[in-house]
Number of protein chains: 2
Amino acid sequence: MGASDAAETAEKLFSAGRVVIFTHERPDGDAVGSAFGLRALLRGNGVEADLVFPEPPPVRYREFTGEPDTPTGHYDAAVVLDCATEIRIGKGIYEPRQLADTLFNLDHHGANSIAGDVELIDVKAAATSLLVWEVAAAAGANIPVAAATLLMLGLMTDTGSFRFSNTDARALRAAAGLLDCGAELDRIVNAVYFSKPRNQQLFEAEVVTGCTRLLCGGRLALAGLDESIFKKYGFSMADGEGVIDLLREIDGAVIALLYYRKGEHWKCSLRSKDAAFPVGPLARSLGGGGHEMAAGITLDAPSAAALEAMLVDRIGSMLDSAKKE
Amino acid sequence: MGASDAAETAEKLFSAGRVVIFTHERPDGDAVGSAFGLRALLRGNGVEADLVFPEPPPVRYREFTGEPDTPTGHYDAAVVLDCATEIRIGKGIYEPRQLADTLFNLDHHGANSIAGDVELIDVKAAATSLLVWEVAAAAGANIPVAAATLLMLGLMTDTGSFRFSNTDARALRAAAGLLDCGAELDRIVNAVYFSKPRNQQLFEAEVVTGCTRLLCGGRLALAGLDESIFKKYGFSMADGEGVIDLLREIDGAVIALLYYRKGEHWKCSLRSKDAAFPVGPLARSLGGGGHEMAAGITLDAPSAAALEAMLVDRIGSMLDSAKKE
């Protein structure tokens with residue numbers, strides 16, 4: 001196991017004959033973009049590459065991805081992308097370590113606990129797709145348009161189209177490089193930002209008017225969604241990557257909290273707009289994960305009221321204690 | 001009068017002793033960013049610079065701008081930024097030609113009809129703020145943080161945070177350069193995207209649920225806003241730069257049309273999501289202007305119904321005729 005830079009990673013990865021690629025469950029744009037982007041990249045450079053995907057890619061990204069693969073035989077390398085923990089890799093059907101000799105671990109999450117043989121972990125990278133781009137650039141690889149488009153998709157979605165605090169000059173220059181390689185920005189933008197189904201738009205309007213509350217003197221924007229609203233609009237949080245931004249966008253809100261029931265558990269998403277009040281530590285203290293400014297937790301609680309009381313208490317304390325310092 | 005490139009423009013502009021800056025009425029982010037950004041830039045490089053602004057800067061940009069100036073005496077140069085026509089420069093109180101010897105005309109609109117002595121007109125530039133950045137870079141100028149932030153503000157707002165079709169590698173590299181100069185991205189993003197007053201959010205939800213209709217088989221998304229909705233939410237279109245995106249974002253919509261009453265006239269905004277159906281020609285045929293994919297018109301009509309019938313007829317014909325070709 002050893003830390004690596006983009007050039008070393010590139011040298012080891014592009015010399016593999018057969019590669020199998022993994023990413024995390026409930027894949028977001030960066031998981032989709034980095035995983036399918038790496039597959040297109042490797043295939044475009046003479047490397048045999050398969051992609052194991054624990055579930056169907058989100059509908060909105062389907063036009064870019066094509067289908068995942070069923071792994072066959074043994075691989076020289078398994079690449080795990082954008083995964084902080086083993087648990088999130090998949091549903092236990094395929095294990096990277098059983099399929100391949102060498103495990104590559106490429107990620108930008110803090111507290112990555114996967115032990116790779118080749119590790120390219122960079123918490124300063126805006127997206128895992130950015131790391132894949134840098135590996136490709138270091139390899140001097142041929143970058144097919146499909147790969148450039150997928151990596152751009154990952155970079156754009158993980159940075160909120162270059163608005164979130166992880167956006168930096170490095171990410172913007174990578175995006176420029178991806179456009180130079182033919183990344184189809186218009187297609188991405190139309191699919192991600194300008195193809196909102198009307199039912200989703202009406203769902204979001206009701207989240208804003210019927211579910212959103214401002215607590216802690218307006219510094220916490222919160223929405224709890226119950227099953228009825230999903231049924232009413234035929235909408236699922238599998239397509240709800242941007243819903244929490246309806247809370248984040250409110251003037252004066254420092255913390256955004258969105259929660260909803262998922263099976264036996266509660267899924268909670270947290271965002272911060274102020275580096276003085278990171279949500280990462282709170283999420284980790286409750287068994288969750290993510291980044292400092294964008295994190296998530298899966299929790300058990302007897303009721304929405306109990307869940308909310310506990311979370312609001314913790315967030316309120318955080319807002320108060322940091323204020324006093 | 002003569003066309004110029006960034007280097008020539010820089011040489012002539014930075015050798016002026018006193019400069020007065022103008023931009024267009026109803027200033028958007030790029031007007032604000034390029035005009036106040038140029039003022040900060042010139043002042044940071046020993047050039048005396050005043051800025052004539054035809055109205056108060058929009059509230060949401062106020063924290064970046066400071067106050068405009070009252071022009072005094074004679075200037076070596078007047079710079080007109082982001083203005084396609086003389087009419088839009090101001091309210092006739094100050095005329096650039098009467099205040100200065102030399103008129104600089106920097107713009108990225110097509111059909112720019114201002115006759116400048118030095119012209120830097122580039123319709124491929126994503127924003128006028130981008131042109132100012134390139135002039136500054138060509139001059140090897142000192143770029144104060146305040147100037148970098150204002151130019152980034154202009155570039156971000158005119159590209160819809162790097163999502164609109166004017167986004168290219170040049171714009172992304174300029175943005176990277178502006179971040180290198182210390183542009184405060186978090187401040188811009190919090191002010192522009194994550195400081196939505198709750199009344200605006202509720203206004204927008206009602207635009208979505210109560211005012212939006214899909215016509216032409218879903219290919220035209222349209223909303224007509226009457227005075228009552230503005231009163232109900234205490235919201236003004238002076239702060240409504242992004243409202244039309246509520247129409248544009250709908251899946252399947254190719255053209256977005258937003259119209260509302262302004263004094264004796266109707267203000268109409270048009271957007272296209274498909275280069276095969278540009279809205280620029282339609283706007284120009286009705287006396288409006290703008291870009292190919294984003295345009296506006298001020299019209300007279302006896303009623304909302306009459307206005308809408310005329311516009312829907314024209315847009316429907318455009319969608320049909322292009323379809324047949």
# chains A, B, ... in the order shown; residues from 1 in each chain; ligands from 1
>>> residues_around(residues="Gly296 in chain B", least_positions_apart="2", cutoff="9 Å", atoms="only C-alpha atoms", output="JSON, numbers by chain")
{"B": [267, 268, 269, 270, 271, 279, 280, 283, 284, 288, 289, 290, 291, 294, 298]}
>>> residues_around(residues="Leu179 in chain A", least_positions_apart="6", cutoff="10 Å", atoms="only C-alpha atoms", output="list of chain:residue names")
A:Val145, A:Ala148, A:Thr149, A:Met152, A:Arg173, A:Leu185, B:Thr167, B:Asp168, B:Ala169, B:Arg170, B:Leu172
>>> closest_atom_pairs(of="chain A", to="chain B", cutoff="9 Å", atoms="only C-alpha atoms", output="tab-separated table")
residue	atom	partner	partner_atom	distance
A:Gly160	CA	B:Ser161	CA	8.9
A:Ser161	CA	B:Ser161	CA	6.2
A:Phe162	CA	B:Ser161	CA	6.6
A:Arg163	CA	B:Val189	CA	6.0
A:Phe164	CA	B:Asp186	CA	7.6
A:Ser165	CA	B:Asp186	CA	6.3
A:Thr167	CA	B:Leu185	CA	8.2
A:Asp168	CA	B:Leu179	CA	6.9
A:Ala169	CA	B:Ala176	CA	4.1
A:Arg170	CA	B:Ala176	CA	7.2
A:Ala171	CA	B:Ala176	CA	8.1
A:Leu172	CA	B:Ala176	CA	5.5
A:Arg173	CA	B:Arg173	CA	5.6
A:Ala174	CA	B:Leu172	CA	8.9
A:Ala175	CA	B:Leu172	CA	6.9
A:Ala176	CA	B:Ala169	CA	4.1
A:Gly177	CA	B:Ala169	CA	7.0
A:Leu178	CA	B:Ala169	CA	8.3
A:Leu179	CA	B:Ala169	CA	5.9
A:Asp180	CA	B:Ala169	CA	6.6
A:Leu185	CA	B:Arg163	CA	7.5
A:Asp186	CA	B:Ser165	CA	6.3
A:Ile188	CA	B:Arg163	CA	8.8
A:Val189	CA	B:Arg163	CA	6.0
A:Asn190	CA	B:Lys273	CA	7.6
A:Ala191	CA	B:Asp251	CA	8.5
A:Tyr193	CA	B:Glu249	CA	6.2
A:Phe194	CA	B:Glu249	CA	3.7
A:Ser195	CA	B:Asp251	CA	3.7
A:Lys196	CA	B:Asp251	CA	4.8
A:Pro197	CA	B:Asp251	CA	5.1
A:Arg198	CA	B:Ile250	CA	6.1
A:Gln201	CA	B:Val208	CA	7.3
A:Leu202	CA	B:Thr209	CA	6.3
A:Glu204	CA	B:Ala205	CA	8.1
A:Ala205	CA	B:Ala205	CA	4.8
A:Glu206	CA	B:Ala205	CA	7.6
A:Val208	CA	B:Leu202	CA	7.0
A:Thr209	CA	B:Leu202	CA	6.3
A:Asp245	CA	B:Phe194	CA	8.4
A:Leu246	CA	B:Gln201	CA	8.6
A:Leu247	CA	B:Phe194	CA	9.0
A:Arg248	CA	B:Phe194	CA	6.2
A:Glu249	CA	B:Phe194	CA	3.7
A:Ile250	CA	B:Lys196	CA	4.8
A:Asp251	CA	B:Ser195	CA	3.7
A:Gly252	CA	B:Ser195	CA	6.7
A:Ala253	CA	B:Ser195	CA	8.2
A:Lys273	CA	B:Asn190	CA	7.6
A:Asp274	CA	B:Asp186	CA	9.0
>>> write_last_selection(atoms="C-alpha atoms", output="tab-separated table (two decimals), in the first residue's frame")
chain	number	residue	atom	x	y	z
A	160	GLY	CA	-22.23	22.65	-8.35
A	161	SER	CA	-21.14	24.02	-11.70
A	162	PHE	CA	-18.08	25.71	-10.20
A	163	ARG	CA	-19.96	27.37	-7.37
A	164	PHE	CA	-19.20	25.22	-4.34
A	165	SER	CA	-16.25	25.95	-2.09
A	167	THR	CA	-13.91	25.08	-6.83
A	168	ASP	CA	-10.39	26.34	-7.44
A	169	ALA	CA	-8.14	27.37	-10.31
A	170	ARG	CA	-7.02	23.76	-10.70
A	171	ALA	CA	-10.61	22.60	-11.26
A	172	LEU	CA	-11.30	25.43	-13.73
A	173	ARG	CA	-8.14	24.69	-15.73
A	174	ALA	CA	-9.04	21.01	-15.83
A	175	ALA	CA	-12.48	21.97	-17.12
A	176	ALA	CA	-10.85	24.11	-19.82
A	177	GLY	CA	-8.65	21.16	-20.76
A	178	LEU	CA	-11.67	18.89	-20.95
A	179	LEU	CA	-13.40	21.36	-23.29
A	180	ASP	CA	-10.24	21.38	-25.42
A	185	LEU	CA	-20.79	21.01	-22.27
A	186	ASP	CA	-24.17	21.78	-23.83
A	188	ILE	CA	-24.18	17.96	-19.92
A	189	VAL	CA	-25.86	21.20	-18.99
A	190	ASN	CA	-29.08	20.34	-20.79
A	191	ALA	CA	-29.15	16.93	-19.09
A	193	TYR	CA	-29.57	21.60	-15.27
A	194	PHE	CA	-32.11	22.16	-18.03
A	195	SER	CA	-33.98	18.86	-18.22
A	196	LYS	CA	-35.94	19.05	-15.03
A	197	PRO	CA	-39.14	17.02	-15.35
A	198	ARG	CA	-42.17	19.18	-14.66
A	201	GLN	CA	-40.25	21.21	-10.56
A	202	LEU	CA	-43.65	21.08	-8.87
A	204	GLU	CA	-39.48	21.31	-5.48
A	205	ALA	CA	-41.97	24.18	-5.35
A	206	GLU	CA	-43.86	22.31	-2.63
A	208	VAL	CA	-40.06	25.37	-0.76
A	209	THR	CA	-43.59	26.43	0.16
A	245	ASP	CA	-29.75	23.48	-2.62
A	246	LEU	CA	-33.31	24.77	-2.20
A	247	LEU	CA	-32.42	25.12	1.48
A	248	ARG	CA	-28.85	26.24	0.98
A	249	GLU	CA	-29.86	29.07	-1.35
A	250	ILE	CA	-31.91	30.89	1.29
A	251	ASP	CA	-30.46	34.20	2.39
A	252	GLY	CA	-29.10	34.04	5.92
A	253	ALA	CA	-29.13	30.25	6.20
A	273	LYS	CA	-22.18	27.88	3.62
A	274	ASP	CA	-19.57	29.08	6.09
>>> atom_distance(atom1="CA of Gly316 in chain A", atom2="CA of Val243 in chain A")
22.3 Å
>>> atom_distance(atom1="CA of Glu25 in chain A", atom2="CA of Arg314 in chain A")
27.7 Å
>>> residues_around(residues="range 109-114 of chain A", least_positions_apart="6", cutoff="6 Å", atoms="only C-alpha atoms", output="ChimeraX atom specification")
/A:84-85,123
>>> residues_around(residues="Arg26 in chain B", least_positions_apart="3", cutoff="10 Å", atoms="only C-alpha atoms", output="PyMOL selection string")
chain B and resi 23+31-32+53-58+88-90+238
>>> select_by_dssp(residues="range 89-295 of chain B", states="strand (DSSP E or B)", output="number ranges by chain")
B: 100-107, 118-121, 196, 212-215, 220-225, 250, 255-262, 265-272, 289-290, 294-295
>>> residues_around(residues="Asn45 in chain A", least_positions_apart="6", cutoff="8 Å", atoms="only C-alpha atoms", output="number ranges by chain")
A: 14, 141-142
>>> write_last_selection(atoms="C-alpha atoms", output="mmCIF file, in the first residue's frame")
data_model
loop_
_atom_site.group_PDB
_atom_site.id
_atom_site.type_symbol
_atom_site.label_atom_id
_atom_site.label_comp_id
_atom_site.auth_asym_id
_atom_site.auth_seq_id
_atom_site.Cartn_x
_atom_site.Cartn_y
_atom_site.Cartn_z
ATOM 1 C CA PHE A 14 -2.041 2.260 -18.164
ATOM 2 C CA ALA A 141 -3.251 9.539 -22.954
ATOM 3 C CA ASN A 142 -5.588 9.847 -25.878
#
>>> closest_residue(among="B:Gly116, B:Phe277, B:Gly234, B:Thr65", to="Ser321 in chain B", atoms="only C-alpha atoms")
B:Phe277
>>> atom_distance(atom1="CA of Asp50 in chain A", atom2="CA of Leu106 in chain A")
16.5 Å
>>> closest_residue(among="A:Ala256, A:Gly66, A:Asp320, A:Leu307", to="Met293 in chain A", atoms="only C-alpha atoms")
A:Ala256
>>> select_by_dssp(residues="range 198-291 of chain B", states="helix (DSSP H, G or I)", output="mmCIF file with N, CA and C atoms, in the first residue's frame")
data_model
loop_
_atom_site.group_PDB
_atom_site.id
_atom_site.type_symbol
_atom_site.label_atom_id
_atom_site.label_comp_id
_atom_site.auth_asym_id
_atom_site.auth_seq_id
_atom_site.Cartn_x
_atom_site.Cartn_y
_atom_site.Cartn_z
ATOM 1 N N ARG B 198 -36.153 34.897 1.228
ATOM 2 C CA ARG B 198 -37.236 33.923 1.306
ATOM 3 C C ARG B 198 -38.445 34.376 0.473
ATOM 4 N N ASN B 199 -38.705 35.697 0.420
ATOM 5 C CA ASN B 199 -39.856 36.156 -0.385
ATOM 6 C C ASN B 199 -39.639 35.874 -1.872
ATOM 7 N N GLN B 200 -38.385 35.984 -2.315
ATOM 8 C CA GLN B 200 -38.110 35.662 -3.716
ATOM 9 C C GLN B 200 -38.309 34.167 -3.972
ATOM 10 N N GLN B 201 -37.884 33.362 -3.003
ATOM 11 C CA GLN B 201 -38.050 31.916 -3.169
ATOM 12 C C GLN B 201 -39.525 31.542 -3.279
ATOM 13 N N LEU B 202 -40.352 32.170 -2.458
ATOM 14 C CA LEU B 202 -41.794 31.890 -2.506
ATOM 15 C C LEU B 202 -42.414 32.457 -3.785
ATOM 16 N N PHE B 203 -41.941 33.630 -4.214
ATOM 17 C CA PHE B 203 -42.359 34.195 -5.502
ATOM 18 C C PHE B 203 -42.050 33.208 -6.633
ATOM 19 N N GLU B 204 -40.845 32.688 -6.641
ATOM 20 C CA GLU B 204 -40.446 31.771 -7.708
ATOM 21 C C GLU B 204 -41.273 30.492 -7.686
ATOM 22 N N ALA B 205 -41.576 30.013 -6.471
ATOM 23 C CA ALA B 205 -42.410 28.808 -6.383
ATOM 24 C C ALA B 205 -43.775 29.064 -7.006
ATOM 25 N N GLU B 206 -44.317 30.275 -6.802
ATOM 26 C CA GLU B 206 -45.622 30.560 -7.408
ATOM 27 C C GLU B 206 -45.506 30.757 -8.920
ATOM 28 N N VAL B 207 -44.387 31.305 -9.389
ATOM 29 C CA VAL B 207 -44.180 31.369 -10.846
ATOM 30 C C VAL B 207 -44.248 29.953 -11.429
ATOM 31 N N VAL B 208 -43.599 29.031 -10.742
ATOM 32 C CA VAL B 208 -43.571 27.632 -11.209
ATOM 33 C C VAL B 208 -44.960 26.987 -11.150
ATOM 34 N N THR B 209 -45.640 27.158 -10.034
ATOM 35 C CA THR B 209 -46.903 26.424 -9.857
ATOM 36 C C THR B 209 -48.088 27.158 -10.476
ATOM 37 N N GLY B 210 -48.067 28.502 -10.475
ATOM 38 C CA GLY B 210 -49.261 29.233 -10.872
ATOM 39 C C GLY B 210 -49.185 29.972 -12.191
ATOM 40 N N CYS B 211 -47.984 30.235 -12.705
ATOM 41 C CA CYS B 211 -47.855 31.086 -13.893
ATOM 42 C C CYS B 211 -47.281 30.362 -15.101
ATOM 43 N N CYS B 216 -46.950 24.654 -27.505
ATOM 44 C CA CYS B 216 -46.235 24.114 -28.678
ATOM 45 C C CYS B 216 -45.734 22.694 -28.393
ATOM 46 N N GLY B 217 -46.603 21.873 -27.859
ATOM 47 C CA GLY B 217 -46.230 20.488 -27.569
ATOM 48 C C GLY B 217 -45.148 20.375 -26.519
ATOM 49 N N GLY B 218 -45.094 21.349 -25.607
ATOM 50 C CA GLY B 218 -44.110 21.305 -24.524
ATOM 51 C C GLY B 218 -42.782 21.943 -24.891
ATOM 52 N N GLU B 227 -49.029 42.380 -12.214
ATOM 53 C CA GLU B 227 -48.582 43.192 -11.069
ATOM 54 C C GLU B 227 -48.865 42.518 -9.735
ATOM 55 N N SER B 228 -49.937 41.722 -9.689
ATOM 56 C CA SER B 228 -50.364 41.182 -8.394
ATOM 57 C C SER B 228 -49.299 40.282 -7.765
ATOM 58 N N ILE B 229 -48.611 39.499 -8.576
ATOM 59 C CA ILE B 229 -47.630 38.573 -7.982
ATOM 60 C C ILE B 229 -46.428 39.347 -7.426
ATOM 61 N N PHE B 230 -46.062 40.439 -8.088
ATOM 62 C CA PHE B 230 -44.954 41.246 -7.558
ATOM 63 C C PHE B 230 -45.350 41.892 -6.234
ATOM 64 N N LYS B 231 -46.595 42.360 -6.174
ATOM 65 C CA LYS B 231 -47.077 42.971 -4.927
ATOM 66 C C LYS B 231 -47.159 41.949 -3.809
ATOM 67 N N LYS B 232 -47.710 40.790 -4.147
ATOM 68 C CA LYS B 232 -47.927 39.752 -3.131
ATOM 69 C C LYS B 232 -46.632 39.396 -2.407
ATOM 70 N N TYR B 233 -45.533 39.331 -3.149
ATOM 71 C CA TYR B 233 -44.270 38.890 -2.549
ATOM 72 C C TYR B 233 -43.282 40.033 -2.335
ATOM 73 N N MET B 237 -38.629 42.767 -10.584
ATOM 74 C CA MET B 237 -37.789 42.130 -11.596
ATOM 75 C C MET B 237 -36.402 42.757 -11.682
ATOM 76 N N ALA B 238 -36.187 43.893 -11.031
ATOM 77 C CA ALA B 238 -34.821 44.423 -10.947
ATOM 78 C C ALA B 238 -33.890 43.394 -10.301
ATOM 79 N N ASP B 239 -34.450 42.514 -9.468
ATOM 80 C CA ASP B 239 -33.670 41.444 -8.848
ATOM 81 C C ASP B 239 -33.978 40.085 -9.476
ATOM 82 N N ASP B 245 -34.796 31.319 -15.868
ATOM 83 C CA ASP B 245 -34.243 29.963 -15.818
ATOM 84 C C ASP B 245 -35.231 28.949 -15.248
ATOM 85 N N LEU B 246 -36.241 29.417 -14.529
ATOM 86 C CA LEU B 246 -37.293 28.516 -14.057
ATOM 87 C C LEU B 246 -38.056 27.921 -15.241
ATOM 88 N N LEU B 247 -38.109 28.656 -16.342
ATOM 89 C CA LEU B 247 -38.753 28.155 -17.557
ATOM 90 C C LEU B 247 -37.768 27.332 -18.377
ATOM 91 N N ARG B 248 -36.574 27.866 -18.497
ATOM 92 C CA ARG B 248 -35.552 27.192 -19.286
ATOM 93 C C ARG B 248 -35.238 25.796 -18.749
ATOM 94 N N GLY B 280 -32.367 35.291 -31.013
ATOM 95 C CA GLY B 280 -31.856 36.606 -31.399
ATOM 96 C C GLY B 280 -32.580 37.199 -32.610
ATOM 97 N N PRO B 281 -32.716 36.439 -33.712
ATOM 98 C CA PRO B 281 -33.397 36.999 -34.894
ATOM 99 C C PRO B 281 -34.835 37.423 -34.591
ATOM 100 N N LEU B 282 -35.551 36.628 -33.834
ATOM 101 C CA LEU B 282 -36.921 36.973 -33.466
ATOM 102 C C LEU B 282 -36.948 38.287 -32.685
ATOM 103 N N ALA B 283 -36.058 38.404 -31.692
ATOM 104 C CA ALA B 283 -36.020 39.623 -30.882
ATOM 105 C C ALA B 283 -35.694 40.835 -31.749
ATOM 106 N N ARG B 284 -34.704 40.702 -32.622
ATOM 107 C CA ARG B 284 -34.313 41.838 -33.459
ATOM 108 C C ARG B 284 -35.438 42.223 -34.422
ATOM 109 N N SER B 285 -36.178 41.234 -34.922
ATOM 110 C CA SER B 285 -37.272 41.537 -35.862
ATOM 111 C C SER B 285 -38.382 42.331 -35.187
#
>>> residues_around(residues="range 299-304 of chain A", least_positions_apart="3", cutoff="9 Å", atoms="only C-alpha atoms", output="list of chain:residue names")
A:Gly224, A:Asp226, A:Tyr259, A:Tyr260, A:Arg261, A:Glu264, A:His265, A:Trp266, A:Lys267, A:Cys268, A:Leu286, A:Gly287, A:Gly288, A:Leu307, A:Glu308, A:Ala309
>>> write_last_selection(atoms="N, CA, C and O atoms", output="JSON list (two decimals), in the first residue's frame")
[["chain", "number", "residue", "atom", "x", "y", "z"],
["A", 224, "GLY", "N", -38.05, 18.41, 6.24],
["A", 224, "GLY", "CA", -38.26, 16.98, 6.42],
["A", 224, "GLY", "C", -39.33, 16.53, 5.43],
["A", 224, "GLY", "O", -40.40, 17.12, 5.38],
["A", 226, "ASP", "N", -41.82, 13.64, 3.97],
["A", 226, "ASP", "CA", -42.39, 12.32, 4.24],
["A", 226, "ASP", "C", -42.85, 11.66, 2.94],
["A", 226, "ASP", "O", -42.77, 12.24, 1.86],
["A", 259, "TYR", "N", -33.94, 15.95, 5.46],
["A", 259, "TYR", "CA", -34.03, 14.54, 5.86],
["A", 259, "TYR", "C", -35.29, 13.91, 5.30],
["A", 259, "TYR", "O", -36.29, 14.57, 5.04],
["A", 260, "TYR", "N", -35.20, 12.60, 5.08],
["A", 260, "TYR", "CA", -36.36, 11.86, 4.58],
["A", 260, "TYR", "C", -36.20, 10.40, 4.95],
["A", 260, "TYR", "O", -35.10, 9.93, 5.24],
["A", 261, "ARG", "N", -37.31, 9.69, 4.97],
["A", 261, "ARG", "CA", -37.34, 8.29, 5.33],
["A", 261, "ARG", "C", -36.84, 7.45, 4.16],
["A", 261, "ARG", "O", -37.25, 7.68, 3.02],
["A", 264, "GLU", "N", -36.04, 1.53, 6.57],
["A", 264, "GLU", "CA", -36.12, 1.56, 8.03],
["A", 264, "GLU", "C", -35.35, 2.74, 8.63],
["A", 264, "GLU", "O", -35.33, 2.91, 9.84],
["A", 265, "HIS", "N", -34.68, 3.50, 7.79],
["A", 265, "HIS", "CA", -33.77, 4.52, 8.31],
["A", 265, "HIS", "C", -34.17, 5.92, 7.85],
["A", 265, "HIS", "O", -35.05, 6.09, 7.03],
["A", 266, "TRP", "N", -33.45, 6.90, 8.42],
["A", 266, "TRP", "CA", -33.58, 8.28, 7.96],
["A", 266, "TRP", "C", -32.30, 8.68, 7.25],
["A", 266, "TRP", "O", -31.20, 8.48, 7.75],
["A", 267, "LYS", "N", -32.47, 9.24, 6.06],
["A", 267, "LYS", "CA", -31.33, 9.77, 5.33],
["A", 267, "LYS", "C", -31.29, 11.27, 5.59],
["A", 267, "LYS", "O", -32.29, 11.97, 5.40],
["A", 268, "CYS", "N", -30.13, 11.75, 6.03],
["A", 268, "CYS", "CA", -29.98, 13.17, 6.35],
["A", 268, "CYS", "C", -28.83, 13.76, 5.51],
["A", 268, "CYS", "O", -27.75, 13.19, 5.48],
["A", 286, "LEU", "N", -21.85, 11.20, 14.18],
["A", 286, "LEU", "CA", -23.08, 10.40, 14.18],
["A", 286, "LEU", "C", -22.97, 9.23, 13.21],
["A", 286, "LEU", "O", -23.98, 8.65, 12.80],
["A", 287, "GLY", "N", -21.73, 8.89, 12.83],
["A", 287, "GLY", "CA", -21.54, 7.72, 11.97],
["A", 287, "GLY", "C", -21.69, 8.01, 10.48],
["A", 287, "GLY", "O", -21.71, 7.08, 9.67],
["A", 288, "GLY", "N", -21.78, 9.27, 10.12],
["A", 288, "GLY", "CA", -21.91, 9.63, 8.71],
["A", 288, "GLY", "C", -20.57, 9.99, 8.11],
["A", 288, "GLY", "O", -19.52, 9.74, 8.71],
["A", 307, "LEU", "N", -35.93, 12.62, 15.56],
["A", 307, "LEU", "CA", -34.75, 12.84, 14.73],
["A", 307, "LEU", "C", -34.43, 14.33, 14.64],
["A", 307, "LEU", "O", -33.29, 14.77, 14.86],
["A", 308, "GLU", "N", -35.46, 15.09, 14.35],
["A", 308, "GLU", "CA", -35.26, 16.52, 14.14],
["A", 308, "GLU", "C", -34.82, 17.21, 15.43],
["A", 308, "GLU", "O", -33.92, 18.07, 15.41],
["A", 309, "ALA", "N", -35.42, 16.83, 16.54],
["A", 309, "ALA", "CA", -35.05, 17.44, 17.82],
["A", 309, "ALA", "C", -33.56, 17.22, 18.11],
["A", 309, "ALA", "O", -32.84, 18.14, 18.50]]
>>> residues_around(residues="Gly17 in chain A", least_positions_apart="3", cutoff="7 Å", atoms="only C-alpha atoms", output="PyMOL selection string")
chain A and resi 47-48+76
>>> write_last_selection(atoms="N, CA and C atoms", output="short mmCIF file (atom, residue, chain, number, x, y, z; two decimals), in the first residue's frame")
data_model
loop_
_atom_site.label_atom_id
_atom_site.label_comp_id
_atom_site.auth_asym_id
_atom_site.auth_seq_id
_atom_site.Cartn_x
_atom_site.Cartn_y
_atom_site.Cartn_z
N VAL A 47 -6.59 -0.43 -23.23
CA VAL A 47 -6.67 -1.23 -22.01
C VAL A 47 -8.08 -1.83 -21.93
N GLU A 48 -8.18 -3.10 -21.67
CA GLU A 48 -9.48 -3.74 -21.50
C GLU A 48 -10.05 -3.29 -20.15
N ASP A 76 -5.88 -7.56 -13.85
CA ASP A 76 -4.60 -7.09 -13.32
C ASP A 76 -4.82 -6.05 -12.22
#
